[in-house]
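Working notes, structure below.
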Amino acid sequence: MGPHPAVAAIRLAVRRVLHDILTELNTTAGVPAATAAERLPERPPEPLVLVACSGGADSMALASALAFEAPRLGIRAGGVTVDHGLQSGSDLRAEEVVLRLRELGLDPVEATAVTVGREGGPEAAARDARYAALDAAAARHGAAAVLLGHTRDDQAETVLLGLARGSGIRSLSGMAAVSGAGGRYRRPFLQVDRQTARKACMVQSLPVWDDPHNADPAYTRSRLRHEGLPALEKALGKGVVEALARTAQLSRDDADALDTWARQAEAGVRDASGVLECAKLYALPPAVRRRILRRAAIEAGAPAGALFARHIEEVDRLITGWRGQGAINLPGKVVARRQGGRLVIRQG
């Protein structure tokens, strides 16, 4: 008899991602994808894939699937748990997670402690600290990729948070299946619901830890998870989570296409010295023009995370609604001003 359907679902999701990683590694190494399976034993050492594991149901299900699938594909499987130090006894819980990962057969496994700052709010600060620690662990161990346990439910929440911010189509595209430098981060469970991951842990008798922060109404995502989404499903019926996840993928496809268009169009709207020309910018579709403006602001020193749609709209009015207005101040002490038919964006 085969595995429980929940276990089969998470293993299949992980297997597909591992196959993608292997194909990319072999293509980079000059091995044709079609013969990758035959050539893998000839390429020591075996590639390492890490799982980021908090001890919660999603990441424990991911760790168990990685432990099962990786050896069958000639991949080493390891794990990292990040101790944010935000709760009493968090160091002991991190040690417990390390033991659980080792019991699954993962190696290397480590716990890494971080200091969470305050910039951007508690959730953003914890996320920044966590990714910095995961980047460092991946570099230290020479990992080919790091798997993250974000589920379809997490994706739906991310889309709604983006909608509330009003930051445009890129914000609605949610989390990418592949992200980070060189495609380091992989999210196999974006098409797997949270309940499936929890069920997989239950049928495998995997102990899980439920982070109290996930139920704390002080956190925006927690309120959305326990109040907002249930209210939407009550009002609109089942299928909201699936629809939001589908919206994320469609939005990502559109945003990627517009980003490509903007990159191709940018050279044609600059003069010989590289300064943006307002008349040429005006002729572009707004979605393309604003992407060029955002990119220019970031290149001038504006922090991407602090640069919002309202900032770009103000700069855009220097082109589309020119009435002799003064300079626009942007985050990072960047200033945008119109001078002689040209748009100058620079610090100070």
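By convention in this document, the chains of the structure tokens carry letters A, B, ... by their order, each chain's residues are numbered from 1, and ligands are numbered from 1 in the order they are shown.
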
Residues flagged strand (DSSP E or B) by DSSP in segment 56-228 of chain A, as a PyMOL selection string
chain A and resi 76-83+109-113+145-147+178-179+185-186

Which residues of segment 117-159 of chain A come within 8 Å of segment 166-184 of chain A, and what is each one's closest atom pair and distance in Å (one decimal), counting only C-alpha atoms, sorted by chain and residue number, as JSON lines?
```
{"residue": "A:Ala144", "atom": "CA", "partner": "A:Arg184", "partner_atom": "CA", "distance": 6.8}
{"residue": "A:Ala145", "atom": "CA", "partner": "A:Arg184", "partner_atom": "CA", "distance": 4.6}
{"residue": "A:Val146", "atom": "CA", "partner": "A:Arg184", "partner_atom": "CA", "distance": 6.0}
{"residue": "A:Gln155", "atom": "CA", "partner": "A:Gly174", "partner_atom": "CA", "distance": 5.9}
{"residue": "A:Ala156", "atom": "CA", "partner": "A:Gly174", "partner_atom": "CA", "distance": 7.8}
{"residue": "A:Thr158", "atom": "CA", "partner": "A:Gly174", "partner_atom": "CA", "distance": 5.4}
{"residue": "A:Val159", "atom": "CA", "partner": "A:Leu172", "partner_atom": "CA", "distance": 4.9}
```

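Interatomic distance, atom CA of Asp154 of chain A to atom CA of Arg72 of chain A: 29.0 Å.
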
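Residue neighbourhood of Glu69 of chain A, excluding near-sequence residues (fewer than 4 positions): Arg11, Arg15, Ala65 and Leu73 of chain A, at 7 Å, using only C-alpha atoms.
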
Pro45 of chain A environment, 12 Å, only C-alpha atoms, sequence neighbours closer than 6 positions dropped, as a short mmCIF file (atom, residue, chain, number, x, y, z; two decimals) with N, CA, C and O atoms, in the first residue's frame:
```
data_model
loop_
_atom_site.label_atom_id
_atom_site.label_comp_id
_atom_site.auth_asym_id
_atom_site.auth_seq_id
_atom_site.Cartn_x
_atom_site.Cartn_y
_atom_site.Cartn_z
N GLY A 74 20.20 11.26 -5.27
CA GLY A 74 21.62 11.55 -5.14
C GLY A 74 21.90 12.93 -4.57
O GLY A 74 22.88 13.58 -4.95
N ILE A 75 21.05 13.38 -3.66
CA ILE A 75 21.18 14.71 -3.05
C ILE A 75 21.37 14.54 -1.55
O ILE A 75 20.71 13.71 -0.92
N ARG A 76 22.27 15.32 -0.97
CA ARG A 76 22.39 15.36 0.48
C ARG A 76 21.35 16.34 1.03
O ARG A 76 21.10 17.39 0.44
N GLY A 142 27.84 25.51 1.57
CA GLY A 142 27.88 25.33 0.12
C GLY A 142 26.62 24.69 -0.43
O GLY A 142 26.67 23.88 -1.35
N ALA A 143 25.46 25.08 0.13
CA ALA A 143 24.18 24.48 -0.28
C ALA A 143 23.76 24.98 -1.65
O ALA A 143 23.91 26.17 -1.98
N ALA A 144 23.19 24.08 -2.44
CA ALA A 144 22.68 24.45 -3.75
C ALA A 144 21.36 25.20 -3.64
O ALA A 144 21.02 26.01 -4.51
#
```

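Considering only C-alpha atoms, the residue among A:Ala52, A:Ala13, A:Arg93, A:Pro230 positioned nearest to Tyr185 of chain A is A:Ala52.
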
Go through segment 5-87 of chain A and flag each residue having an atom no more than 8 Å from segment 198-201 of chain A; for those, report the closest pair of atoms plus their distance in Å to one decimal, using only C-alpha atoms, ordered by chain and rising number, as JSON lines.
```
{"residue": "A:Ala6", "atom": "CA", "partner": "A:Ala200", "partner_atom": "CA", "distance": 5.1}
{"residue": "A:Val7", "atom": "CA", "partner": "A:Ala200", "partner_atom": "CA", "distance": 4.9}
{"residue": "A:Ile10", "atom": "CA", "partner": "A:Ala200", "partner_atom": "CA", "distance": 7.7}
{"residue": "A:Ala57", "atom": "CA", "partner": "A:Arg198", "partner_atom": "CA", "distance": 5.1}
{"residue": "A:Asp58", "atom": "CA", "partner": "A:Arg198", "partner_atom": "CA", "distance": 6.6}
{"residue": "A:Met60", "atom": "CA", "partner": "A:Cys201", "partner_atom": "CA", "distance": 7.0}
{"residue": "A:Ala61", "atom": "CA", "partner": "A:Cys201", "partner_atom": "CA", "distance": 5.6}
```

Residues from the last selection, C-alpha atoms, saved as a PDB file, in the first residue's frame:
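What landed in out_30.pdb:
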```pdb
ATOM      1  CA  ALA A   6      -1.162  13.874   2.253  1.00  0.00           C
ATOM      2  CA  VAL A   7       2.302  12.349   2.491  1.00  0.00           C
ATOM      3  CA  ILE A  10       4.139  16.704  -0.107  1.00  0.00           C
ATOM      4  CA  ALA A  57       3.751  21.599  10.771  1.00  0.00           C
ATOM      5  CA  ASP A  58       4.576  23.125   7.383  1.00  0.00           C
ATOM      6  CA  MET A  60       8.357  19.615   9.518  1.00  0.00           C
ATOM      7  CA  ALA A  61       6.324  18.136   6.656  1.00  0.00           C
TER       8      ALA A  61
END
```

From the set A:Leu160, A:Leu99, A:Leu104, A:Ala111, which residue has the shortest atom-to-atom contact distance to Gln204 of chain A, counting only C-alpha atoms?
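The answer is A:Leu104, which sits nearest to Gln204 of chain A.
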
Computed interatomic separation between atom CA of Cys53 of chain A and atom CA of Leu101 of chain A (Å)
8.5 Å

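Summary of the local environment: counting only C-alpha atoms, residues at most 10 Å from Gly268 of chain A, other than itself and those fewer than 5 positions away along its chain, are Arg263, Gly274, Leu276, Glu277, Lys280 and Leu281 of chain A.
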
Measuring atom to atom with only C-alpha atoms, identify which of A:Glu110, A:Glu96, A:Asp193, A:Glu314 is nearest to Val208 of chain A.
A:Glu96

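Computed from the coordinates, the atom CA of Glu123 of chain A to atom CA of Ala218 of chain A distance equals 10.4 Å.
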
Minimum-distance residue to Arg102 of chain A, chosen among A:Asn26, A:Ser64, A:Pro71, A:Trp322 (using only C-alpha atoms):
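Counting only C-alpha atoms, the residue closest to Arg102 of chain A is A:Ser64.
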
Picked from segment 33-175 of chain A by DSSP as alpha helix (DSSP H), as a ChimeraX atom specification:
/A:36-39,57-69,90-103,122-141,152-165,169-172

Pick out the closest residue to Leu307 of chain A from this set: A:Asn329, A:Gln347, A:Gln87, A:Thr115. Count only C-alpha atoms.
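The closest residue to Leu307 of chain A is A:Asn329.
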
For Ala336 of chain A, find every residue with an atom within 12 Å (counting only C-alpha atoms), except residues of its own chain fewer than 3 positions away, and show them as an MDAnalysis selection string.
chainID A and resid 275:276 293:294 296:298 300:302 311:319 325:333 339 342:348
